[in-house]
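Notes follow the structure.
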Amino acid sequence: MASHGILLVDKPAGLTSHDVVARVRRAFGTRKVGHAGTLDPMATGLLVIGIEGATRLLTYVVGADKTYTATIRLGARTSTDDAEGQIIDIADGERWASVDDAAVMAGIRGLTGSISQVPSSVSAIKVGGKRAYDLVRAGESVELAARPVTVSRFEVLAQRREDGFLELDVIVDCSSGTYIRALARDLGDGLGVGGHLTALRRTRVGGFAVTDAVGVDALDGAVTLAPAEAAARVMPVLHVTADEARDLRHGKRLSGQSGRLDAPAVAAVDPAGDLVGVVEARGHDIKSVMNMPEVQA
């Protein structure tokens with residue numbers, strides 16, 4: 001029987017997130033595998049994979065904040081806002097005249113905090129039931145609506161001037177739904193020289209870190225996180241008695257107990273350390289909104 005838990009995988013460049021899911025399915029002998037948040041083929045880093053019943057937890061992982069390291073090349077725009085696309089504009093010397101370190105830092109400050117961001121047109125967002133990137137590849141023009149995101153850290157780690165371009169190695173902490181390609185594009189546009197992403201690595205998703213992940217060549221026999229441990233990394237924990245666990249699993253409410261919750265979604269864990277499910281307040285009661293399959297002895 002396949003493991004029942006969360007697997008952290010360090011995706012290499014060149015593979016799609018779906019490719020990684022397919023490899024996990026083969027390694028664990030189950031079709032019931034999903035992931036919390038796609039990475040582009042050019043990107044590397046953390047994929048949070050759910051196996052068997054733990055796929056139910058992925059809904060609560062998708063919205064977690066994330067950390068990325070990236071390289072932004074200023075001085076050129078591409079059709080995809082990253083190095084995979086065609087170069088559509090290169091800044092000449094005149095456009096570089098006002099781009100000094102102070103201007104770059106001011107541009108970064110303007111893209112930090114609560115901002116409105118237009119996602120890249122080659123994103124996986126659906127437009128009329130189709131992925132935006134599929135429409136773009138089919139030659140259609142795609143206009144995506146701006147959406148609010150939060151960039152809590154946008155920091156330059158190193159910079160290099162090469163062949164008429166300025167490359168910035170950056171680290172970004174951001175809310176779910178933030179596009180790092182769009183940050184590169186908007187920074188370049190704001191400076192008047194254009195910009196795109198040349199490297200991207202996701203190092204954290206909520207309480208999960210890439211340093212704890214396994215490579216795609218080490219999936220056979222890889223150890224998964226138990227659902228209770230995984231849930232504790234993305235939400236508070238409520239320890240319940242055996243009787244309370246039974247009631248929650250059977251769809252009953254814990255009457256008058258909502259004061260025990262300190263967040264909208266909380267992981268209920270039974271005395272054996274198993275995840276009962278995710279609970280929330282309903283009036284004065286506690287109700288399970290997602291039950292995990294019971295562990296078989």
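In the structure tokens, each chain is lettered A, B, ... as it comes, each chain's residues begin at 1, and ligands are numbered from 1 in order of appearance.
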
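Residues surrounding Thr71 of chain A within 8 Å are Glu167, Leu168, Asp169, Val170, Leu197, Thr198, Ala199 and Leu200 of chain A [only C-alpha atoms; sequence separation below 6 positions excluded].
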
Dump all heavy atoms for the selected residues as a PDB file, in the first residue's frame?
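Once written, selection.pdb looks like this:
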ATOM      1  N   GLU A 167      22.327  42.364 -14.105  1.00  0.00           N
ATOM      2  CA  GLU A 167      21.696  41.190 -13.517  1.00  0.00           C
ATOM      3  C   GLU A 167      21.637  41.334 -12.004  1.00  0.00           C
ATOM      4  O   GLU A 167      22.635  41.691 -11.360  1.00  0.00           O
ATOM      5  CB  GLU A 167      22.458  39.915 -13.899  1.00  0.00           C
ATOM      6  CG  GLU A 167      22.321  39.560 -15.364  1.00  0.00           C
ATOM      7  CD  GLU A 167      22.652  38.102 -15.650  1.00  0.00           C
ATOM      8  OE1 GLU A 167      23.356  37.487 -14.826  1.00  0.00           O
ATOM      9  OE2 GLU A 167      22.198  37.601 -16.695  1.00  0.00           O
ATOM     10  N   LEU A 168      20.460  41.034 -11.449  1.00  0.00           N
ATOM     11  CA  LEU A 168      20.241  41.120 -10.015  1.00  0.00           C
ATOM     12  C   LEU A 168      19.883  39.748  -9.476  1.00  0.00           C
ATOM     13  O   LEU A 168      18.937  39.112  -9.973  1.00  0.00           O
ATOM     14  CB  LEU A 168      19.082  42.075  -9.701  1.00  0.00           C
ATOM     15  CG  LEU A 168      19.136  43.489 -10.276  1.00  0.00           C
ATOM     16  CD1 LEU A 168      17.850  44.230  -9.936  1.00  0.00           C
ATOM     17  CD2 LEU A 168      20.352  44.245  -9.745  1.00  0.00           C
ATOM     18  N   ASP A 169      20.622  39.269  -8.491  1.00  0.00           N
ATOM     19  CA  ASP A 169      20.231  38.074  -7.746  1.00  0.00           C
ATOM     20  C   ASP A 169      19.389  38.554  -6.573  1.00  0.00           C
ATOM     21  O   ASP A 169      19.861  39.379  -5.769  1.00  0.00           O
ATOM     22  CB  ASP A 169      21.451  37.309  -7.241  1.00  0.00           C
ATOM     23  CG  ASP A 169      22.298  36.747  -8.367  1.00  0.00           C
ATOM     24  OD1 ASP A 169      21.739  36.468  -9.446  1.00  0.00           O
ATOM     25  OD2 ASP A 169      23.520  36.603  -8.173  1.00  0.00           O
ATOM     26  N   VAL A 170      18.160  38.062  -6.468  1.00  0.00           N
ATOM     27  CA  VAL A 170      17.233  38.576  -5.463  1.00  0.00           C
ATOM     28  C   VAL A 170      16.621  37.447  -4.656  1.00  0.00           C
ATOM     29  O   VAL A 170      16.633  36.278  -5.067  1.00  0.00           O
ATOM     30  CB  VAL A 170      16.105  39.412  -6.117  1.00  0.00           C
ATOM     31  CG1 VAL A 170      16.682  40.571  -6.914  1.00  0.00           C
ATOM     32  CG2 VAL A 170      15.217  38.539  -7.015  1.00  0.00           C
ATOM     33  N   LEU A 197      13.119  37.390 -16.266  1.00  0.00           N
ATOM     34  CA  LEU A 197      13.682  36.443 -15.306  1.00  0.00           C
ATOM     35  C   LEU A 197      14.586  35.453 -16.030  1.00  0.00           C
ATOM     36  O   LEU A 197      14.218  34.932 -17.084  1.00  0.00           O
ATOM     37  CB  LEU A 197      12.515  35.691 -14.648  1.00  0.00           C
ATOM     38  CG  LEU A 197      12.683  35.149 -13.231  1.00  0.00           C
ATOM     39  CD1 LEU A 197      12.914  36.285 -12.252  1.00  0.00           C
ATOM     40  CD2 LEU A 197      11.408  34.385 -12.841  1.00  0.00           C
ATOM     41  N   THR A 198      15.768  35.202 -15.474  1.00  0.00           N
ATOM     42  CA  THR A 198      16.641  34.197 -16.081  1.00  0.00           C
ATOM     43  C   THR A 198      16.814  32.957 -15.202  1.00  0.00           C
ATOM     44  O   THR A 198      17.293  31.935 -15.677  1.00  0.00           O
ATOM     45  CB  THR A 198      18.037  34.782 -16.387  1.00  0.00           C
ATOM     46  OG1 THR A 198      18.659  35.204 -15.165  1.00  0.00           O
ATOM     47  CG2 THR A 198      17.930  35.955 -17.348  1.00  0.00           C
ATOM     48  N   ALA A 199      16.455  33.037 -13.927  1.00  0.00           N
ATOM     49  CA  ALA A 199      16.538  31.879 -13.040  1.00  0.00           C
ATOM     50  C   ALA A 199      15.526  32.063 -11.924  1.00  0.00           C
ATOM     51  O   ALA A 199      15.270  33.188 -11.480  1.00  0.00           O
ATOM     52  CB  ALA A 199      17.942  31.723 -12.455  1.00  0.00           C
ATOM     53  N   LEU A 200      14.946  30.946 -11.477  1.00  0.00           N
ATOM     54  CA  LEU A 200      13.952  30.993 -10.404  1.00  0.00           C
ATOM     55  C   LEU A 200      14.031  29.704  -9.598  1.00  0.00           C
ATOM     56  O   LEU A 200      14.063  28.609 -10.162  1.00  0.00           O
ATOM     57  CB  LEU A 200      12.544  31.148 -10.982  1.00  0.00           C
ATOM     58  CG  LEU A 200      11.397  31.219  -9.962  1.00  0.00           C
ATOM     59  CD1 LEU A 200      11.506  32.477  -9.112  1.00  0.00           C
ATOM     60  CD2 LEU A 200      10.044  31.172 -10.675  1.00  0.00           C
TER      61      LEU A 200
END

Within 10 Å of segment 204-226 of chain A: each segment 46-158 of chain A residue with its shortest pair, only C-alpha atoms, as a Markdown table:
| residue | atom | partner | partner_atom | distance |
| --- | --- | --- | --- | --- |
| A:Leu46 | CA | A:Val210 | CA | 5.1 |
| A:Leu47 | CA | A:Val210 | CA | 8.2 |
| A:Val48 | CA | A:Val205 | CA | 7.8 |
| A:Ile49 | CA | A:Thr224 | CA | 9.3 |
| A:Gly50 | CA | A:Thr224 | CA | 9.1 |
| A:Ile51 | CA | A:Thr224 | CA | 8.7 |
| A:Ala54 | CA | A:Ala226 | CA | 8.4 |
| A:Val61 | CA | A:Gly206 | CA | 7.3 |
| A:Val62 | CA | A:Val205 | CA | 8.4 |
| A:Gly63 | CA | A:Gly206 | CA | 8.5 |
| A:Ala64 | CA | A:Gly206 | CA | 4.9 |
| A:Asp65 | CA | A:Gly206 | CA | 5.3 |
| A:Lys66 | CA | A:Val205 | CA | 4.6 |
| A:Thr67 | CA | A:Arg204 | CA | 4.9 |
| A:Tyr68 | CA | A:Arg204 | CA | 7.1 |
| A:Thr69 | CA | A:Arg204 | CA | 9.9 |

Write the residues of the preceding selection, restricted to C-alpha atoms, as a short mmCIF file (atom, residue, chain, number, x, y, z; two decimals), in the first residue's frame.
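Written output follows (out18.cif):
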data_model
loop_
_atom_site.label_atom_id
_atom_site.label_comp_id
_atom_site.auth_asym_id
_atom_site.auth_seq_id
_atom_site.Cartn_x
_atom_site.Cartn_y
_atom_site.Cartn_z
CA LEU A 46 10.18 22.96 -3.70
CA LEU A 47 7.10 21.04 -4.75
CA VAL A 48 4.77 19.97 -1.94
CA ILE A 49 3.29 16.62 -3.00
CA GLY A 50 0.30 14.92 -1.38
CA ILE A 51 -0.02 11.12 -1.53
CA ALA A 54 -2.97 13.48 2.33
CA VAL A 61 -1.05 24.41 1.52
CA VAL A 62 -1.75 26.16 -1.80
CA GLY A 63 -2.51 29.48 -0.13
CA ALA A 64 0.64 29.55 2.02
CA ASP A 65 3.21 32.31 1.53
CA LYS A 66 6.38 31.44 -0.36
CA THR A 67 10.06 32.32 -0.70
CA TYR A 68 11.96 32.42 -3.99
CA THR A 69 15.48 33.19 -5.08
#

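When only C-alpha atoms are used to measure the gap to Gly107 of chain A, the shortest distance among A:Ala36, A:Val193, A:Ala158, A:Ala27 belongs to A:Val193.
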
message: Which of segment 21-211 of chain A end up as helix (DSSP H, G or I) when DSSP is run on this backbone - answer as an MDAnalysis selection string?
response: chainID A and resid 21:28 52:62 93:96 101:110 132:137 180:191 210:211

Quick one: everything within 7 Å of Arg185 of chain A, counting only C-alpha atoms, minus sequence neighbours fewer than 6 positions away in the same chain. Send it as a tab-separated table (two decimals) with all heavy atoms, in the first residue's frame.
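After the write, selection_10.tsv holds the following:
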chain	number	residue	atom	x	y	z
A	81	ASP	N	8.37	37.04	-20.42
A	81	ASP	CA	8.88	37.64	-19.18
A	81	ASP	C	9.94	36.78	-18.51
A	81	ASP	O	10.30	37.00	-17.36
A	81	ASP	CB	7.74	37.93	-18.18
A	81	ASP	CG	6.70	38.88	-18.75
A	81	ASP	OD1	7.07	39.75	-19.55
A	81	ASP	OD2	5.51	38.74	-18.40
A	194	GLY	N	13.32	47.62	-19.53
A	194	GLY	CA	12.80	46.26	-19.68
A	194	GLY	C	13.51	45.29	-18.76
A	194	GLY	O	14.62	45.56	-18.26
A	195	GLY	N	12.87	44.16	-18.51
A	195	GLY	CA	13.48	43.16	-17.66
A	195	GLY	C	12.79	41.82	-17.79
A	195	GLY	O	11.62	41.75	-18.20
A	196	HIS	N	13.52	40.77	-17.49
A	196	HIS	CA	12.93	39.44	-17.50
A	196	HIS	C	13.69	38.55	-16.53
A	196	HIS	O	14.77	38.90	-16.04
A	196	HIS	CB	12.92	38.82	-18.90
A	196	HIS	CG	14.28	38.55	-19.47
A	196	HIS	ND1	15.05	39.53	-20.07
A	196	HIS	CD2	15.02	37.41	-19.54
A	196	HIS	CE1	16.19	39.00	-20.49
A	196	HIS	NE2	16.21	37.71	-20.17

message: When you look at segment 148-153 of chain A with a cut-off of 7 Å (counting only C-alpha atoms), what residues show up, excluding the ones that are within fewer than 6 positions of it in the same chain? I need them as an MDAnalysis selection string.
response: chainID A and resid 112:117 172:175 177:178

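For Asp243 of chain A, the non-local neighbours within 10 Å, defined as residues at least 4 positions apart in the same chain or in other chains and counting only C-alpha atoms, are A:Asp247, A:Leu248, A:Arg249, A:Asp270, A:Pro271.
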
Dump as a PDB file, in the first residue's frame, selection limited to C-alpha atoms:
ATOM      1  CA  ASP A 247     -17.553  12.627  16.941  1.00  0.00           C
ATOM      2  CA  LEU A 248     -15.713  14.820  14.446  1.00  0.00           C
ATOM      3  CA  ARG A 249     -15.058  11.866  12.151  1.00  0.00           C
ATOM      4  CA  ASP A 270      -6.226  12.740  18.269  1.00  0.00           C
ATOM      5  CA  PRO A 271      -4.419  11.219  21.288  1.00  0.00           C
TER       6      PRO A 271
END

query: Within 9 Å of Gly93 of chain A, counting only C-alpha atoms, which residues qualify if same-chain residues fewer than 3 places away don't, as a ChimeraX atom specification?
result: /A:96-97,164

Take the residues that were just selected and, keeping N, CA and C atoms, output them as a compact mmCIF listing (two decimals), in the first residue's frame.
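File produced: result-v3.txt:
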# COMPACT_ATOMS: atom_id res chain seq x y z
N TRP A 96 19.61 53.74 -20.58
CA TRP A 96 20.31 53.37 -19.35
C TRP A 96 20.79 54.59 -18.57
N ALA A 97 20.76 55.77 -19.15
CA ALA A 97 21.39 56.94 -18.57
C ALA A 97 20.93 57.24 -17.15
N GLY A 164 26.18 44.67 -21.37
CA GLY A 164 25.17 45.71 -21.51
C GLY A 164 23.91 45.48 -20.71

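Among the candidates A:Ile88, A:Asn291, A:Leu58, A:Ser98, the one nearest to Gly192 of chain A when counting only C-alpha atoms is A:Ser98.
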
- line: Restricting to only C-alpha atoms, whichever of A:Glu244, A:Asp82, A:Leu238, A:Asp274 is closest to Gly259 of chain A is A:Leu238

message: Taking the DSSP secondary structure from the backbone, can you list the residues of segment 25-259 of chain A that are strand (DSSP E), as an NGL selection string?
response: :A and (33-35 or 44-51 or 66-74 or 76-78 or 87-90 or 113-117 or 126-127 or 130-131 or 147-162 or 165-174 or 195-205 or 208-209 or 214-215 or 237-239)

Could you list, as a PDB file with all heavy atoms, in the first residue's frame, every residue within 12 Å of Met42 of chain A, counting only C-alpha atoms and ignoring same-chain residues fewer than 5 positions away?
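File out_8.pdb, as written:
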ATOM      1  N   LYS A  11      12.380  19.984  -7.342  1.00  0.00           N
ATOM      2  CA  LYS A  11      12.244  19.813  -8.786  1.00  0.00           C
ATOM      3  C   LYS A  11      13.439  20.402  -9.531  1.00  0.00           C
ATOM      4  O   LYS A  11      13.829  21.532  -9.277  1.00  0.00           O
ATOM      5  CB  LYS A  11      10.962  20.511  -9.279  1.00  0.00           C
ATOM      6  CG  LYS A  11      10.652  20.235 -10.759  1.00  0.00           C
ATOM      7  CD  LYS A  11       9.534  21.106 -11.277  1.00  0.00           C
ATOM      8  CE  LYS A  11      10.012  22.435 -11.782  1.00  0.00           C
ATOM      9  NZ  LYS A  11      10.872  22.375 -12.990  1.00  0.00           N
ATOM     10  N   PRO A  12      14.009  19.638 -10.444  1.00  0.00           N
ATOM     11  CA  PRO A  12      15.093  20.196 -11.260  1.00  0.00           C
ATOM     12  C   PRO A  12      14.533  20.983 -12.442  1.00  0.00           C
ATOM     13  O   PRO A  12      13.344  20.873 -12.783  1.00  0.00           O
ATOM     14  CB  PRO A  12      15.816  18.940 -11.749  1.00  0.00           C
ATOM     15  CG  PRO A  12      14.729  17.915 -11.871  1.00  0.00           C
ATOM     16  CD  PRO A  12      13.750  18.214 -10.755  1.00  0.00           C
ATOM     17  N   ALA A  13      15.381  21.773 -13.077  1.00  0.00           N
ATOM     18  CA  ALA A  13      14.989  22.483 -14.293  1.00  0.00           C
ATOM     19  C   ALA A  13      14.713  21.470 -15.403  1.00  0.00           C
ATOM     20  O   ALA A  13      15.311  20.398 -15.450  1.00  0.00           O
ATOM     21  CB  ALA A  13      16.073  23.456 -14.711  1.00  0.00           C
ATOM     22  N   GLY A  14      13.791  21.824 -16.282  1.00  0.00           N
ATOM     23  CA  GLY A  14      13.510  20.979 -17.434  1.00  0.00           C
ATOM     24  C   GLY A  14      12.330  20.057 -17.268  1.00  0.00           C
ATOM     25  O   GLY A  14      11.800  19.532 -18.261  1.00  0.00           O
ATOM     26  N   LEU A  15      11.901  19.821 -16.051  1.00  0.00           N
ATOM     27  CA  LEU A  15      10.722  18.986 -15.803  1.00  0.00           C
ATOM     28  C   LEU A  15       9.532  19.870 -15.453  1.00  0.00           C
ATOM     29  O   LEU A  15       9.679  20.905 -14.800  1.00  0.00           O
ATOM     30  CB  LEU A  15      10.958  18.013 -14.647  1.00  0.00           C
ATOM     31  CG  LEU A  15      11.973  16.890 -14.826  1.00  0.00           C
ATOM     32  CD1 LEU A  15      11.981  16.003 -13.583  1.00  0.00           C
ATOM     33  CD2 LEU A  15      11.684  16.072 -16.066  1.00  0.00           C
ATOM     34  N   THR A  16       8.345  19.460 -15.877  1.00  0.00           N
ATOM     35  CA  THR A  16       7.139  20.136 -15.442  1.00  0.00           C
ATOM     36  C   THR A  16       6.726  19.576 -14.079  1.00  0.00           C
ATOM     37  O   THR A  16       7.184  18.510 -13.661  1.00  0.00           O
ATOM     38  CB  THR A  16       5.983  19.924 -16.429  1.00  0.00           C
ATOM     39  OG1 THR A  16       5.601  18.538 -16.412  1.00  0.00           O
ATOM     40  CG2 THR A  16       6.380  20.320 -17.845  1.00  0.00           C
ATOM     41  N   SER A  17       5.854  20.291 -13.407  1.00  0.00           N
ATOM     42  CA  SER A  17       5.326  19.783 -12.136  1.00  0.00           C
ATOM     43  C   SER A  17       4.569  18.480 -12.368  1.00  0.00           C
ATOM     44  O   SER A  17       4.612  17.563 -11.535  1.00  0.00           O
ATOM     45  CB  SER A  17       4.416  20.833 -11.499  1.00  0.00           C
ATOM     46  OG  SER A  17       5.141  22.017 -11.222  1.00  0.00           O
ATOM     47  N   ALA A  70      15.908  34.338  -7.172  1.00  0.00           N
ATOM     48  CA  ALA A  70      15.754  34.523  -8.619  1.00  0.00           C
ATOM     49  C   ALA A  70      16.861  35.419  -9.152  1.00  0.00           C
ATOM     50  O   ALA A  70      17.530  36.130  -8.397  1.00  0.00           O
ATOM     51  CB  ALA A  70      14.390  35.151  -8.921  1.00  0.00           C
ATOM     52  N   THR A  80       7.824  36.179 -22.931  1.00  0.00           N
ATOM     53  CA  THR A  80       7.261  35.392 -21.829  1.00  0.00           C
ATOM     54  C   THR A  80       7.661  35.934 -20.454  1.00  0.00           C
ATOM     55  O   THR A  80       7.322  35.337 -19.431  1.00  0.00           O
ATOM     56  CB  THR A  80       7.730  33.926 -21.923  1.00  0.00           C
ATOM     57  OG1 THR A  80       9.166  33.891 -21.911  1.00  0.00           O
ATOM     58  CG2 THR A  80       7.228  33.263 -23.190  1.00  0.00           C
ATOM     59  N   ASP A  82      10.448  35.776 -19.241  1.00  0.00           N
ATOM     60  CA  ASP A  82      11.547  34.955 -18.727  1.00  0.00           C
ATOM     61  C   ASP A  82      12.456  34.562 -19.882  1.00  0.00           C
ATOM     62  O   ASP A  82      12.210  34.926 -21.037  1.00  0.00           O
ATOM     63  CB  ASP A  82      11.041  33.733 -17.947  1.00  0.00           C
ATOM     64  CG  ASP A  82      10.203  32.781 -18.796  1.00  0.00           C
ATOM     65  OD1 ASP A  82      10.402  32.734 -20.028  1.00  0.00           O
ATOM     66  OD2 ASP A  82       9.354  32.069 -18.233  1.00  0.00           O
ATOM     67  N   ALA A  83      13.484  33.803 -19.572  1.00  0.00           N
ATOM     68  CA  ALA A  83      14.500  33.473 -20.578  1.00  0.00           C
ATOM     69  C   ALA A  83      14.011  32.464 -21.613  1.00  0.00           C
ATOM     70  O   ALA A  83      14.713  32.210 -22.604  1.00  0.00           O
ATOM     71  CB  ALA A  83      15.758  32.948 -19.887  1.00  0.00           C
ATOM     72  N   GLU A  84      12.837  31.877 -21.382  1.00  0.00           N
ATOM     73  CA  GLU A  84      12.308  30.901 -22.334  1.00  0.00           C
ATOM     74  C   GLU A  84      11.735  31.566 -23.581  1.00  0.00           C
ATOM     75  O   GLU A  84      11.571  30.912 -24.608  1.00  0.00           O
ATOM     76  CB  GLU A  84      11.211  30.066 -21.655  1.00  0.00           C
ATOM     77  CG  GLU A  84      11.679  29.296 -20.422  1.00  0.00           C
ATOM     78  CD  GLU A  84      12.525  28.106 -20.789  1.00  0.00           C
ATOM     79  OE1 GLU A  84      11.991  27.159 -21.382  1.00  0.00           O
ATOM     80  OE2 GLU A  84      13.732  28.134 -20.482  1.00  0.00           O
ATOM     81  N   GLY A  85      11.409  32.858 -23.480  1.00  0.00           N
ATOM     82  CA  GLY A  85      10.753  33.533 -24.599  1.00  0.00           C
ATOM     83  C   GLY A  85      11.722  34.218 -25.548  1.00  0.00           C
ATOM     84  O   GLY A  85      12.942  34.210 -25.353  1.00  0.00           O
ATOM     85  N   ARG A 181       8.084  36.421 -12.289  1.00  0.00           N
ATOM     86  CA  ARG A 181       8.316  36.914 -13.648  1.00  0.00           C
ATOM     87  C   ARG A 181       7.717  38.305 -13.826  1.00  0.00           C
ATOM     88  O   ARG A 181       8.287  39.166 -14.507  1.00  0.00           O
ATOM     89  CB  ARG A 181       7.710  35.962 -14.677  1.00  0.00           C
ATOM     90  CG  ARG A 181       8.555  34.772 -15.002  1.00  0.00           C
ATOM     91  CD  ARG A 181       7.844  33.854 -15.958  1.00  0.00           C
ATOM     92  NE  ARG A 181       6.602  33.340 -15.378  1.00  0.00           N
ATOM     93  CZ  ARG A 181       5.637  32.743 -16.063  1.00  0.00           C
ATOM     94  NH1 ARG A 181       5.748  32.607 -17.367  1.00  0.00           N
ATOM     95  NH2 ARG A 181       4.570  32.284 -15.464  1.00  0.00           N
ATOM     96  N   LEU A 197      13.119  37.390 -16.266  1.00  0.00           N
ATOM     97  CA  LEU A 197      13.682  36.443 -15.306  1.00  0.00           C
ATOM     98  C   LEU A 197      14.586  35.453 -16.030  1.00  0.00           C
ATOM     99  O   LEU A 197      14.218  34.932 -17.084  1.00  0.00           O
ATOM    100  CB  LEU A 197      12.515  35.691 -14.648  1.00  0.00           C
ATOM    101  CG  LEU A 197      12.683  35.149 -13.231  1.00  0.00           C
ATOM    102  CD1 LEU A 197      12.914  36.285 -12.252  1.00  0.00           C
ATOM    103  CD2 LEU A 197      11.408  34.385 -12.841  1.00  0.00           C
ATOM    104  N   THR A 198      15.768  35.202 -15.474  1.00  0.00           N
ATOM    105  CA  THR A 198      16.641  34.197 -16.081  1.00  0.00           C
ATOM    106  C   THR A 198      16.814  32.957 -15.202  1.00  0.00           C
ATOM    107  O   THR A 198      17.293  31.935 -15.677  1.00  0.00           O
ATOM    108  CB  THR A 198      18.037  34.782 -16.387  1.00  0.00           C
ATOM    109  OG1 THR A 198      18.659  35.204 -15.165  1.00  0.00           O
ATOM    110  CG2 THR A 198      17.930  35.955 -17.348  1.00  0.00           C
ATOM    111  N   ALA A 199      16.455  33.037 -13.927  1.00  0.00           N
ATOM    112  CA  ALA A 199      16.538  31.879 -13.040  1.00  0.00           C
ATOM    113  C   ALA A 199      15.526  32.063 -11.924  1.00  0.00           C
ATOM    114  O   ALA A 199      15.270  33.188 -11.480  1.00  0.00           O
ATOM    115  CB  ALA A 199      17.942  31.723 -12.455  1.00  0.00           C
ATOM    116  N   LEU A 200      14.946  30.946 -11.477  1.00  0.00           N
ATOM    117  CA  LEU A 200      13.952  30.993 -10.404  1.00  0.00           C
ATOM    118  C   LEU A 200      14.031  29.704  -9.598  1.00  0.00           C
ATOM    119  O   LEU A 200      14.063  28.609 -10.162  1.00  0.00           O
ATOM    120  CB  LEU A 200      12.544  31.148 -10.982  1.00  0.00           C
ATOM    121  CG  LEU A 200      11.397  31.219  -9.962  1.00  0.00           C
ATOM    122  CD1 LEU A 200      11.506  32.477  -9.112  1.00  0.00           C
ATOM    123  CD2 LEU A 200      10.044  31.172 -10.675  1.00  0.00           C
ATOM    124  N   ARG A 201      14.066  29.850  -8.277  1.00  0.00           N
ATOM    125  CA  ARG A 201      14.095  28.696  -7.386  1.00  0.00           C
ATOM    126  C   ARG A 201      13.172  28.966  -6.204  1.00  0.00           C
ATOM    127  O   ARG A 201      13.311  29.995  -5.521  1.00  0.00           O
ATOM    128  CB  ARG A 201      15.514  28.417  -6.894  1.00  0.00           C
ATOM    129  CG  ARG A 201      15.619  27.212  -5.946  1.00  0.00           C
ATOM    130  CD  ARG A 201      17.074  26.784  -5.789  1.00  0.00           C
ATOM    131  NE  ARG A 201      17.241  25.702  -4.829  1.00  0.00           N
ATOM    132  CZ  ARG A 201      16.983  24.418  -5.087  1.00  0.00           C
ATOM    133  NH1 ARG A 201      16.519  24.061  -6.274  1.00  0.00           N
ATOM    134  NH2 ARG A 201      17.175  23.482  -4.168  1.00  0.00           N
ATOM    135  N   ARG A 202      12.236  28.047  -5.958  1.00  0.00           N
ATOM    136  CA  ARG A 202      11.355  28.175  -4.797  1.00  0.00           C
ATOM    137  C   ARG A 202      11.988  27.433  -3.629  1.00  0.00           C
ATOM    138  O   ARG A 202      12.263  26.234  -3.718  1.00  0.00           O
ATOM    139  CB  ARG A 202       9.960  27.606  -5.101  1.00  0.00           C
ATOM    140  CG  ARG A 202       8.971  27.838  -3.974  1.00  0.00           C
ATOM    141  CD  ARG A 202       7.540  27.747  -4.456  1.00  0.00           C
ATOM    142  NE  ARG A 202       7.173  26.411  -4.886  1.00  0.00           N
ATOM    143  CZ  ARG A 202       6.098  26.133  -5.645  1.00  0.00           C
ATOM    144  NH1 ARG A 202       5.333  27.116  -6.074  1.00  0.00           N
ATOM    145  NH2 ARG A 202       5.822  24.898  -5.982  1.00  0.00           N
TER     146      ARG A 202
END

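Distances to Leu187 of chain A were evaluated for A:Gly277, A:Gly110, A:Gly53, A:Gly283 using only C-alpha atoms, and the minimum falls at A:Gly110.
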
field: Atom-to-atom span, atom CA of Met290 of chain A and atom CA of Val278 of chain A, Å
entry: 5.1 Å
